[in-house]
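Pasting data.cif here (mmCIF, C-alpha atoms and all ligand atoms):
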```
data_final
#
loop_
_atom_site.label_atom_id
_atom_site.label_comp_id
_atom_site.auth_asym_id
_atom_site.auth_seq_id
_atom_site.Cartn_x
_atom_site.Cartn_y
_atom_site.Cartn_z
CA MET A 1 0.00 0.00 0.00
CA ALA A 2 3.05 2.29 0.34
CA ASP A 3 3.16 4.79 -2.49
CA SER A 4 6.77 5.47 -3.50
CA THR A 5 5.69 8.63 -5.38
CA LEU A 6 4.58 10.17 -2.09
CA LYS A 7 6.91 13.07 -1.29
CA SER A 8 7.06 15.70 1.41
CA TRP A 9 7.25 19.40 0.57
CA LEU A 10 10.04 19.49 3.13
CA ASP A 11 13.54 18.93 1.82
CA ILE A 12 14.42 15.42 2.99
CA ALA A 13 17.66 13.65 2.07
CA ASP A 14 17.24 10.35 0.20
CA ASN A 15 19.24 8.56 2.90
CA SER A 16 17.21 9.99 5.78
CA ASP A 17 15.71 7.38 8.12
CA PHE A 18 12.82 9.75 8.70
CA SER A 19 11.07 9.88 5.35
CA ILE A 20 7.39 10.67 4.94
CA HIS A 21 6.82 6.90 4.88
CA ASN A 22 8.09 6.55 8.43
CA LEU A 23 6.71 9.17 10.87
CA PRO A 24 7.91 7.57 14.12
CA TYR A 25 6.74 8.89 17.49
CA GLY A 26 8.93 10.20 20.29
CA VAL A 27 8.92 12.50 23.31
CA PHE A 28 11.00 15.68 23.21
CA THR A 29 11.71 18.90 25.04
CA LYS A 30 12.96 22.15 23.65
CA GLY A 31 14.86 24.33 26.10
CA LYS A 32 13.02 24.35 29.42
CA GLY A 33 9.68 23.52 27.78
CA ALA A 34 7.36 20.69 28.80
CA LYS A 35 7.67 17.20 27.40
CA LYS A 36 5.67 16.80 24.21
CA VAL A 37 4.99 14.10 21.67
CA GLY A 38 6.58 14.64 18.28
CA VAL A 39 7.12 12.90 14.98
CA ALA A 40 10.49 12.73 13.22
CA ILE A 41 10.48 14.02 9.64
CA GLY A 42 13.80 14.57 7.84
CA ASP A 43 15.96 16.73 10.08
CA TYR A 44 12.95 18.01 12.02
CA VAL A 45 10.68 17.07 14.87
CA LEU A 46 7.06 17.91 14.19
CA ASP A 47 5.49 19.16 17.44
CA LEU A 48 2.15 17.36 17.59
CA TYR A 49 0.91 19.53 20.46
CA ALA A 50 1.38 22.56 18.24
CA VAL A 51 -0.27 20.82 15.29
CA ALA A 52 -3.29 19.81 17.41
CA SER A 53 -3.49 23.32 18.93
CA LEU A 54 -3.78 24.73 15.39
CA ASN A 55 -6.69 22.34 14.75
CA LEU A 56 -4.83 20.77 11.86
CA LEU A 57 -5.70 17.18 12.79
CA THR A 58 -8.88 17.31 10.76
CA LYS A 59 -9.51 13.59 10.44
CA SER A 60 -8.37 12.17 13.78
CA LYS A 61 -9.41 15.26 15.80
CA ILE A 62 -7.21 14.10 18.68
CA ASN A 63 -7.30 16.44 21.67
CA LYS A 64 -4.07 18.41 22.08
CA SER A 65 -3.75 17.33 25.73
CA ILE A 66 -2.69 13.84 24.56
CA PHE A 67 0.46 15.40 23.10
CA LYS A 68 1.63 17.42 26.12
CA ASN A 69 2.71 14.24 27.73
CA GLU A 70 5.67 12.48 29.37
CA PHE A 71 5.12 9.42 27.17
CA ILE A 72 3.29 8.17 24.10
CA ASN A 73 1.31 5.57 26.10
CA ASP A 74 -1.90 7.65 26.09
CA LEU A 75 -1.59 8.10 22.35
CA MET A 76 -1.10 4.36 21.79
CA ASP A 77 -4.05 3.67 24.09
CA LEU A 78 -6.38 5.54 21.68
CA GLY A 79 -6.24 2.39 19.56
CA LYS A 80 -5.13 1.63 16.04
CA PRO A 81 -8.17 3.04 14.17
CA LYS A 82 -7.49 6.44 15.78
CA THR A 83 -3.70 6.39 15.41
CA ALA A 84 -4.12 5.30 11.78
CA GLN A 85 -6.26 8.43 11.24
CA LEU A 86 -3.57 10.52 12.90
CA ARG A 87 -1.03 9.02 10.51
CA GLU A 88 -3.28 9.96 7.57
CA ASP A 89 -3.54 13.52 8.92
CA LEU A 90 0.24 13.78 9.27
CA ILE A 91 1.00 12.35 5.83
CA LYS A 92 -1.40 14.86 4.29
CA LEU A 93 -0.01 17.79 6.29
CA LEU A 94 3.55 16.91 5.31
CA SER A 95 2.94 16.08 1.64
CA SER A 96 0.11 18.23 0.30
CA ASN A 97 1.19 21.34 -1.57
CA ARG A 98 -1.78 23.14 -0.06
CA SER A 99 -0.93 22.01 3.46
CA LYS A 100 -1.83 24.56 6.15
CA LEU A 101 1.26 23.46 8.04
CA LYS A 102 3.30 25.49 5.53
CA GLN A 103 2.04 28.64 7.26
CA HIS A 104 3.00 27.29 10.68
CA THR A 105 6.53 26.04 10.20
CA LYS A 106 7.28 26.89 13.85
CA ALA A 107 5.75 23.49 14.59
CA LEU A 108 8.75 21.98 12.83
CA ILE A 109 11.75 22.11 15.16
CA PRO A 110 15.28 21.32 13.93
CA MET A 111 16.33 18.04 15.53
CA GLU A 112 19.55 19.49 16.96
CA LYS A 113 17.46 21.88 19.06
CA VAL A 114 15.51 19.22 20.94
CA THR A 115 16.34 16.71 23.65
CA MET A 116 14.79 13.29 23.24
CA HIS A 117 13.43 11.38 26.24
CA MET A 118 12.09 7.92 27.03
CA PRO A 119 9.19 7.60 24.58
CA ILE A 120 7.31 4.96 26.53
CA LYS A 121 6.41 4.40 30.15
CA ILE A 122 7.44 0.77 30.08
CA THR A 123 4.98 -1.29 32.03
CA ASP A 124 6.73 -4.65 31.71
CA TYR A 125 9.71 -5.88 29.76
CA THR A 126 10.21 -9.39 28.39
CA ASP A 127 13.21 -10.55 26.39
CA PHE A 128 13.14 -13.42 23.93
CA TYR A 129 15.90 -15.60 22.54
CA SER A 130 14.56 -16.07 19.03
CA SER A 131 17.57 -16.04 16.69
CA MET A 132 18.60 -19.59 15.85
CA GLU A 133 22.08 -18.43 14.86
CA HIS A 134 22.57 -16.68 18.22
CA ALA A 135 21.20 -19.58 20.27
CA THR A 136 23.35 -22.00 18.26
CA ASN A 137 26.49 -19.91 18.76
CA VAL A 138 25.92 -19.62 22.51
CA GLY A 139 25.11 -23.34 22.79
CA THR A 140 28.24 -24.21 20.83
CA MET A 141 30.46 -22.06 23.02
CA PHE A 142 29.08 -23.05 26.40
CA ARG A 143 27.66 -26.54 25.95
CA ASP A 144 27.88 -29.03 23.13
CA PRO A 145 28.67 -28.06 19.51
CA ASP A 146 26.82 -31.17 18.33
CA ASN A 147 23.67 -30.35 20.30
CA ALA A 148 23.90 -26.59 20.52
CA LEU A 149 20.15 -25.98 20.66
CA LEU A 150 18.36 -27.23 23.76
CA PRO A 151 15.45 -29.64 23.06
CA ASN A 152 12.77 -26.97 23.70
CA TRP A 153 14.22 -24.31 21.39
CA ARG A 154 12.46 -25.24 18.12
CA HIS A 155 9.13 -25.66 19.96
CA ILE A 156 8.98 -22.58 22.22
CA PRO A 157 9.90 -18.94 21.62
CA VAL A 158 12.13 -19.03 24.72
CA GLY A 159 12.09 -15.86 26.84
CA TYR A 160 12.40 -14.45 30.34
CA HIS A 161 10.92 -11.53 32.26
CA GLY A 162 13.34 -8.61 32.30
CA ARG A 163 13.41 -5.41 34.29
CA ALA A 164 11.44 -2.37 33.09
CA SER A 165 12.94 0.13 35.58
CA SER A 166 16.41 0.12 34.00
CA VAL A 167 15.38 0.56 30.37
CA VAL A 168 16.83 3.92 29.32
CA VAL A 169 16.71 6.09 26.23
CA SER A 170 19.53 6.38 23.72
CA GLY A 171 22.32 8.68 24.87
CA THR A 172 22.12 7.68 28.54
CA PRO A 173 25.59 6.69 29.83
CA ILE A 174 25.87 3.27 31.48
CA HIS A 175 28.18 2.57 34.41
CA ARG A 176 30.03 -0.72 34.18
CA PRO A 177 28.06 -2.98 36.52
CA CYS A 178 29.59 -4.70 39.55
CA GLY A 179 28.66 -8.13 40.73
CA GLN A 180 29.65 -11.63 41.64
CA THR A 181 31.68 -13.73 39.26
CA MET A 182 33.50 -17.02 39.46
CA PRO A 183 36.96 -16.60 37.89
CA LEU A 184 38.22 -19.55 35.86
CA GLY A 185 40.02 -22.02 38.14
CA ALA A 186 39.02 -20.22 41.36
CA ASP A 187 37.29 -22.06 44.18
CA ALA A 188 35.26 -19.10 45.46
CA PRO A 189 33.42 -16.25 43.75
CA VAL A 190 34.68 -12.66 43.84
CA TYR A 191 32.92 -9.28 43.81
CA GLY A 192 33.98 -6.49 41.49
CA PRO A 193 33.37 -4.65 38.21
CA CYS A 194 32.19 -6.83 35.33
CA ARG A 195 35.09 -7.64 33.00
CA LEU A 196 33.11 -9.05 30.08
CA LEU A 197 30.67 -6.26 29.27
CA ASP A 198 28.72 -6.82 26.07
CA PHE A 199 25.96 -5.41 23.91
CA GLU A 200 23.12 -7.38 22.34
CA LEU A 201 21.77 -6.15 19.02
CA GLU A 202 17.99 -6.41 19.27
CA THR A 203 14.76 -4.84 18.20
CA GLY A 204 11.78 -4.49 20.48
CA PHE A 205 8.06 -4.27 19.93
CA VAL A 206 5.70 -2.15 21.98
CA ILE A 207 2.15 -3.07 22.99
CA GLY A 208 -0.63 -0.61 22.12
CA LYS A 209 -3.67 -2.64 23.26
CA SER A 210 -4.24 -4.34 26.60
CA THR A 211 -5.82 -7.65 27.53
CA GLN A 212 -7.42 -8.95 30.72
CA LEU A 213 -5.93 -11.65 32.91
CA GLY A 214 -6.94 -14.98 31.41
CA ASP A 215 -7.12 -13.68 27.82
CA ARG A 216 -5.02 -15.14 25.05
CA VAL A 217 -3.75 -13.27 21.99
CA SER A 218 -3.77 -15.57 18.96
CA CYS A 219 -1.11 -15.47 16.28
CA LYS A 220 -3.81 -14.30 13.88
CA ASP A 221 -4.70 -11.26 16.03
CA ALA A 222 -1.25 -10.52 17.46
CA GLU A 223 -0.43 -7.62 15.15
CA ASP A 224 -3.54 -5.74 16.36
CA TYR A 225 -1.79 -5.47 19.72
CA ILE A 226 1.62 -4.37 18.44
CA PHE A 227 1.87 -0.60 18.06
CA GLY A 228 5.41 -0.29 16.78
CA MET A 229 9.07 -1.16 17.06
CA VAL A 230 12.26 0.27 18.53
CA LEU A 231 15.96 -0.51 18.26
CA PHE A 232 17.23 -2.07 21.42
CA ASN A 233 20.63 -2.65 23.03
CA ASP A 234 20.26 -5.27 25.75
CA TRP A 235 23.52 -4.67 27.65
CA SER A 236 24.87 -7.88 29.15
CA ALA A 237 27.55 -8.65 31.74
CA ARG A 238 28.76 -12.04 30.53
CA ASP A 239 30.90 -13.00 33.54
CA ILE A 240 28.11 -12.15 36.00
CA GLN A 241 25.59 -13.95 33.78
CA LYS A 242 27.70 -17.09 33.51
CA TRP A 243 27.95 -17.57 37.28
CA GLU A 244 24.36 -16.66 38.20
CA TYR A 245 22.14 -18.03 35.44
CA VAL A 246 21.78 -21.63 36.66
CA PRO A 247 19.02 -22.72 37.17
CA LEU A 248 16.64 -19.76 36.80
CA GLY A 249 18.18 -17.76 33.97
CA PRO A 250 19.38 -14.17 33.55
CA PHE A 251 19.31 -11.81 36.54
CA LEU A 252 21.93 -9.17 37.48
CA GLY A 253 23.93 -9.85 34.34
CA LYS A 254 21.07 -8.24 32.42
CA ASN A 255 19.02 -5.93 34.63
CA PHE A 256 21.53 -3.08 35.09
CA ALA A 257 20.53 -1.40 31.79
CA SER A 258 18.95 -1.79 28.37
CA THR A 259 18.84 1.09 25.90
CA ILE A 260 16.05 1.88 23.43
CA SER A 261 15.90 4.24 20.48
CA PRO A 262 13.98 7.47 21.11
CA TRP A 263 11.73 6.87 18.09
CA VAL A 264 8.97 4.29 17.99
CA VAL A 265 8.31 3.26 14.38
CA PRO A 266 4.63 2.37 13.87
CA MET A 267 3.95 -1.02 12.31
CA GLU A 268 2.16 0.63 9.36
CA ALA A 269 5.51 2.15 8.32
CA LEU A 270 7.18 -1.27 8.31
CA ASP A 271 4.48 -2.98 6.26
CA PRO A 272 6.30 -2.64 2.87
CA PHE A 273 9.27 -4.56 4.27
CA ARG A 274 7.51 -7.81 5.16
CA VAL A 275 9.27 -11.04 4.21
CA SER A 276 8.78 -14.72 4.97
CA GLY A 277 10.72 -16.08 7.91
CA PRO A 278 12.93 -19.17 7.91
CA LYS A 279 11.15 -22.53 7.54
CA GLN A 280 10.29 -23.88 10.97
CA THR A 281 11.11 -27.56 11.43
CA PRO A 282 9.65 -29.50 13.14
CA LYS A 283 6.17 -28.07 12.69
CA VAL A 284 5.14 -25.78 15.49
CA LEU A 285 2.11 -26.51 17.69
CA PRO A 286 -1.16 -25.14 16.23
CA TYR A 287 -1.28 -22.10 18.58
CA LEU A 288 2.08 -20.94 17.15
CA LYS A 289 1.15 -21.37 13.49
CA THR A 290 1.29 -18.16 11.44
CA THR A 291 0.43 -17.50 7.82
CA GLY A 292 1.70 -14.79 5.50
CA LYS A 293 4.82 -12.70 5.80
CA LYS A 294 5.50 -12.08 9.48
CA ASN A 295 9.20 -11.23 9.35
CA PHE A 296 10.59 -7.83 8.40
CA LYS A 297 13.67 -7.05 6.37
CA ILE A 298 15.45 -4.45 8.48
CA ASN A 299 19.18 -3.83 8.03
CA LEU A 300 20.96 -3.54 11.35
CA GLU A 301 24.49 -2.55 12.26
CA VAL A 302 26.60 -1.96 15.33
CA GLY A 303 29.57 0.36 15.69
CA ILE A 304 31.99 0.89 18.56
CA GLN A 305 33.30 4.42 19.00
CA ASN A 306 36.42 5.15 21.02
CA LYS A 307 36.70 8.16 23.32
CA LYS A 308 37.54 10.37 20.33
CA GLY A 309 34.46 9.23 18.43
CA GLU A 310 36.38 7.13 15.89
CA GLU A 311 33.97 4.38 14.93
CA THR A 312 34.52 0.78 13.86
CA THR A 313 31.60 -1.14 12.41
CA VAL A 314 31.68 -4.52 14.14
CA CYS A 315 28.43 -6.13 12.97
CA LYS A 316 25.95 -6.04 10.11
CA SER A 317 22.85 -8.15 10.63
CA ASN A 318 19.21 -8.27 9.57
CA PHE A 319 15.96 -8.66 11.51
CA ARG A 320 14.67 -11.00 8.79
CA TYR A 321 16.82 -13.85 10.14
CA MET A 322 14.66 -14.31 13.24
CA TYR A 323 13.35 -17.88 13.60
CA TRP A 324 10.39 -16.90 15.79
CA ASN A 325 8.34 -13.90 14.66
CA MET A 326 6.71 -11.27 16.87
CA SER A 327 3.21 -12.73 16.47
CA GLN A 328 4.45 -16.10 17.70
CA GLN A 329 6.27 -14.47 20.60
CA LEU A 330 3.14 -12.64 21.72
CA ALA A 331 0.86 -15.67 21.21
CA HIS A 332 3.22 -17.80 23.28
CA HIS A 333 3.56 -15.14 25.99
CA THR A 334 -0.22 -15.00 26.48
CA VAL A 335 -1.23 -18.62 25.84
CA ASN A 336 -1.37 -19.25 29.58
CA GLY A 337 -3.60 -16.22 30.16
CA CYS A 338 -0.84 -13.74 31.05
CA ASN A 339 -2.29 -10.28 30.46
CA ILE A 340 -0.48 -7.55 28.55
CA ASN A 341 -0.59 -3.78 28.95
CA VAL A 342 -0.16 -0.71 26.80
CA GLY A 343 3.52 0.14 27.18
CA ASP A 344 4.86 -3.40 27.46
CA LEU A 345 8.19 -3.92 25.70
CA TYR A 346 9.25 -7.22 24.14
CA GLY A 347 12.88 -7.67 23.06
CA SER A 348 13.59 -9.90 20.07
CA GLY A 349 16.69 -11.49 21.52
CA THR A 350 20.11 -10.99 19.98
CA ILE A 351 19.83 -10.87 16.19
CA SER A 352 22.68 -12.84 14.65
CA GLY A 353 22.96 -13.95 11.05
CA LYS A 354 24.88 -16.86 9.53
CA LYS A 355 28.10 -14.99 8.74
CA PRO A 356 30.54 -14.25 11.60
CA SER A 357 30.37 -10.53 10.67
CA SER A 358 26.61 -10.62 11.34
CA TYR A 359 26.81 -11.87 14.92
CA GLY A 360 24.90 -9.55 17.24
CA SER A 361 27.11 -9.56 20.36
CA MET A 362 30.80 -9.30 21.24
CA LEU A 363 30.54 -12.73 22.86
CA GLU A 364 29.95 -14.17 19.41
CA LEU A 365 31.97 -11.68 17.34
CA SER A 366 35.12 -12.29 19.42
CA TRP A 367 34.10 -15.93 20.00
CA LYS A 368 34.31 -15.76 23.83
CA GLY A 369 37.32 -13.44 23.56
CA THR A 370 39.44 -15.84 21.49
CA LYS A 371 39.25 -13.69 18.31
CA PRO A 372 39.75 -10.02 19.22
CA LEU A 373 38.29 -7.49 16.77
CA LYS A 374 40.57 -4.88 15.18
CA MET A 375 39.45 -1.29 15.66
CA VAL A 376 40.17 1.56 13.24
CA ASP A 377 42.43 3.22 15.83
CA GLY A 378 44.68 0.13 15.92
CA THR A 379 43.44 -1.20 19.26
CA GLU A 380 41.57 -4.48 19.77
CA ARG A 381 38.33 -5.39 21.49
CA LYS A 382 37.17 -8.66 22.97
CA PHE A 383 34.40 -6.98 24.95
CA ILE A 384 33.36 -3.37 25.62
CA GLN A 385 35.87 -1.10 27.36
CA ASP A 386 35.26 1.92 29.58
CA TYR A 387 34.47 5.07 27.55
CA ASP A 388 33.49 3.05 24.47
CA THR A 389 30.21 4.15 22.92
CA VAL A 390 28.10 1.44 21.32
CA VAL A 391 26.01 2.73 18.40
CA MET A 392 23.25 0.69 16.76
CA ARG A 393 21.44 1.69 13.60
CA GLY A 394 18.60 0.12 11.70
CA HIS A 395 16.69 0.87 8.51
CA ALA A 396 14.59 -0.81 5.86
CA GLU A 397 14.71 0.19 2.20
CA LYS A 398 12.71 -0.93 -0.83
CA ASN A 399 11.66 0.68 -4.12
CA GLY A 400 12.97 4.08 -3.06
CA ILE A 401 11.16 3.98 0.26
CA ARG A 402 13.37 4.22 3.34
CA VAL A 403 12.17 3.79 6.90
CA GLY A 404 14.67 3.81 9.75
CA PHE A 405 15.07 3.94 13.50
CA GLY A 406 17.91 6.46 13.69
CA GLU A 407 20.45 5.49 16.30
CA VAL A 408 20.54 3.95 19.73
CA THR A 409 23.75 4.91 21.53
CA GLY A 410 25.21 4.44 24.96
CA GLN A 411 28.63 5.20 26.41
CA VAL A 412 30.13 2.93 29.04
CA LEU A 413 31.56 4.73 32.08
CA PRO A 414 33.79 3.14 34.74
CA ALA A 415 32.11 1.22 37.55
CA LYS A 416 30.76 3.39 40.38
CA LYS A 417 32.94 3.35 43.49
CA CA B 501 18.86 -10.17 25.26
#
```
Before anything else, please render the file you have as structure tokens.
Ligand code: CA
Amino acid sequence: MADSTLKSWLDIADNSDFSIHNLPYGVFTKGKGAKKVGVAIGDYVLDLYAVASLNLLTKSKINKSIFKNEFINDLMDLGKPKTAQLREDLIKLLSSNRSKLKQHTKALIPMEKVTMHMPIKITDYTDFYSSMEHATNVGTMFRDPDNALLPNWRHIPVGYHGRASSVVVSGTPIHRPCGQTMPLGADAPVYGPCRLLDFELETGFVIGKSTQLGDRVSCKDAEDYIFGMVLFNDWSARDIQKWEYVPLGPFLGKNFASTISPWVVPMEALDPFRVSGPKQTPKVLPYLKTTGKKNFKINLEVGIQNKKGEETTVCKSNFRYMYWNMSQQLAHHTVNGCNINVGDLYGSGTISGKKPSSYGSMLELSWKGTKPLKMVDGTERKFIQDYDTVVMRGHAEKNGIRVGFGEVTGQVLPAKK
């Protein structure tokens, strides 16, 4: 349904992530002003509070108060019919030559003049483990190369409940976490700063429609509940994780921080980039059966910047590789009657491809530290060092239509004393 002839009257670079086909939502401030909901378009943020105050939302007629807001949760809670109308309003305002917005260009704020904030009040956060390549790599390194995948993996979109309180927006510095680890060959654990700090290249989806306790969301209906997607860095302390994870899974090795992109890309914008996922063998149980194209072709990359900002690209991957799709993840999550809320965040799990250069974590890229990566400044990395900044980018492109997430960045600072 995307029309590649659709153009904005604004000057937008061909390689901009924020084309008229995208229109992702975020929360911004300008100077000492209040937090407001905006949409990214080219190099600008369109102030939706200003647009609504000018009565320019002629189809959706959304009250301006929704947009003077700490988060986009209230907007998502209006439901997809309403937010689809808002999207129609915005496309028209930004593309029509007779657009009234042209007389009110103050509503368009240059991006460098705003500060972006957490877009979502995250109600709950769950992280999956849905890339077969990632699960196989980890299983090969830590268990048995001949039986890398555990017996449940091809039957269940494996996941765990994460921590919502420590999800932060792009640009927030992260202190190296401290914790308990068991050094190789030692007979007692030690406490101290994590030595094997890692990123995990992920995407996340955000819930825009709630259910009641006891309800199930079927694979068929799952996309009605998914408002949009973000880029997601699920920071991981591998040495803490390795010692603590038996038998209940990830805990302090994961919950110190996860970083999301400031822009939430609505699912409508990603529709042109649907692709079929990998063949699932053996057949999944009926409640996990999906039809049609449920994967999305989104190019992803990770760079590591040194203190001077010199960047080395360390990974290029693609969201299309995921074995389990988002509909299956949500259907599985709710099949026992677990309710979901507007603002829930679901991480994809590390997105690795088949090639070593497409692995989505340092654990895999440096193969447990045995193959250090060369940086452009001549240094090497096995894991993330203090003052490194990890930058993730993601975009989809097809037939001249580009839709992207911008960046998710985070600098690592030394452990707190
Ligand atoms: Ca993860």
Legend entry - Using all atoms listed in the file: which of A:Ile20, A:Ala164, A:Met111, A:Cys219 has the shortest distance to Leu6 in chain A: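 Between A:Ile20, A:Ala164, A:Met111, A:Cys219, the residue approaching Leu6 in chain A most closely is A:Ile20.
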Grab me every residue within 7 Å of ligand CA 501 (chain B), counting all atoms listed in the file, and send it over as a tab-separated table (two decimals) with C-alpha atoms, in the frame of the given file.
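Output (selection_10.tsv):
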```tsv
chain	number	residue	atom	x	y	z
A	127	ASP	CA	13.21	-10.55	26.39
A	128	PHE	CA	13.14	-13.42	23.93
A	129	TYR	CA	15.90	-15.60	22.54
A	200	GLU	CA	23.12	-7.38	22.34
A	234	ASP	CA	20.26	-5.27	25.75
A	347	GLY	CA	12.88	-7.67	23.06
A	349	GLY	CA	16.69	-11.49	21.52
A	350	THR	CA	20.11	-10.99	19.98
```
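Excluding Lys368 in chain A itself and any same-chain residue fewer than 5 positions from it, the protein and nucleic acid residues within 8 Å of it, counting all atoms listed in the file, are Met141, Met362, Leu363 and Lys382 of chain A.
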Given the selection you just returned, output its residues as a file containing C-alpha atoms, formatted as a PDB file, keeping the file's coordinate frame.
```
ATOM      1  CA  MET A 141      30.460 -22.060  23.020  1.00  0.00           C
ATOM      2  CA  MET A 362      30.800  -9.300  21.240  1.00  0.00           C
ATOM      3  CA  LEU A 363      30.540 -12.730  22.860  1.00  0.00           C
ATOM      4  CA  LYS A 382      37.170  -8.660  22.970  1.00  0.00           C
TER       5      LYS A 382
END
```
Legend entry - Interatomic distance, CA of Gly139 in chain A to CA of Gly249 in chain A (Å, one decimal):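 Distance between the two atoms: 14.3 Å.
Using only C-alpha atoms for every distance, the candidate list A:Glu301, A:Lys82, A:Pro177, A:Gln385 yields A:Lys82 as the residue closest to Gly208 in chain A.
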Could the residues of range 162-271 of chain A that have an atom at most 6 Å from range 401-415 of chain A be listed as CSV, each with its closest atom pair and the distance in Å to one decimal, counting all atoms listed in the file and ordered by chain and ascending residue number?
```
residue,atom,partner,partner_atom,distance
A:Ser170,CA,A:Val408,CA,4.8
A:Gly171,CA,A:Gly410,CA,5.1
A:Thr172,CA,A:Gly410,CA,5.7
A:Pro173,CA,A:Gln411,CA,4.8
A:Ile174,CA,A:Val412,CA,4.9
A:His175,CA,A:Leu413,CA,4.6
A:Arg176,CA,A:Ala415,CA,4.4
A:Pro177,CA,A:Ala415,CA,5.9
A:Ser261,CA,A:Val408,CA,4.7
```
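The smallest atom-to-atom distance between Gly42 in chain A and any of A:Asn73, A:Arg381, A:Pro110, A:Glu88, using all atoms listed in the file, is found for A:Pro110.
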Inset, instruction - Check the smallest atom-to-atom distance from each of A:Gly309, A:Gly185, A:Gly292, A:Gly253 to Ser236 in chain A using all atoms listed in the file, then report the winner. - result: A:Gly253
Legend entry - Nearest-residue call for His161 in chain A, choices A:Val138, A:Ile240, A:Ile384, A:Leu248, using all atoms listed in the file: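 Answer, going by the shortest atom-to-atom distance: A:Leu248.
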Legend entry - CA of Trp235 in chain A to CA of Leu149 in chain A, straight-line distance in Å: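 If I compute the distance from CA of Leu149 in chain A to CA of Trp235 in chain A, I get 22.7 Å.
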Inset, instruction - Can you work out the spacing between CA of Pro151 in chain A and CA of Thr136 in chain A in Å, to one decimal? - result: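 CA of Thr136 in chain A lies at a distance of 12.0 Å from CA of Pro151 in chain A.
When all atoms listed in the file are used to measure the gap to Pro193 in chain A, the shortest distance among A:Asp239, A:Glu311, A:Asp377, A:Asp14 belongs to A:Asp239.
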Please define a box with edges along x, y and z of the file around all atoms of range 306-322 of chain A given in the file, extend it by 4 Å on each side, and return its centre and edge lengths in Å to one decimal, as AutoDock Vina command-line options.
```
--center_x 26.1 --center_y -2.0 --center_z 16.1 --size_x 30.9 --size_y 32.7 --size_z 22.5
```
Inset, instruction - Do a neighbour search on Ser276 in chain A at 10 Å with all atoms listed in the file, toss out local chain neighbours closer than 4 positions, and write the hits as a ChimeraX atom specification. - result: /A:291-297,320-321,325
Selected residues written out with C-alpha atoms, as a PDB file, keeping the file's coordinate frame:
```pdb
ATOM      1  CA  THR A 291       0.430 -17.500   7.820  1.00  0.00           C
ATOM      2  CA  GLY A 292       1.700 -14.790   5.500  1.00  0.00           C
ATOM      3  CA  LYS A 293       4.820 -12.700   5.800  1.00  0.00           C
ATOM      4  CA  LYS A 294       5.500 -12.080   9.480  1.00  0.00           C
ATOM      5  CA  ASN A 295       9.200 -11.230   9.350  1.00  0.00           C
ATOM      6  CA  PHE A 296      10.590  -7.830   8.400  1.00  0.00           C
ATOM      7  CA  LYS A 297      13.670  -7.050   6.370  1.00  0.00           C
ATOM      8  CA  ARG A 320      14.670 -11.000   8.790  1.00  0.00           C
ATOM      9  CA  TYR A 321      16.820 -13.850  10.140  1.00  0.00           C
ATOM     10  CA  ASN A 325       8.340 -13.900  14.660  1.00  0.00           C
TER      11      ASN A 325
END
```
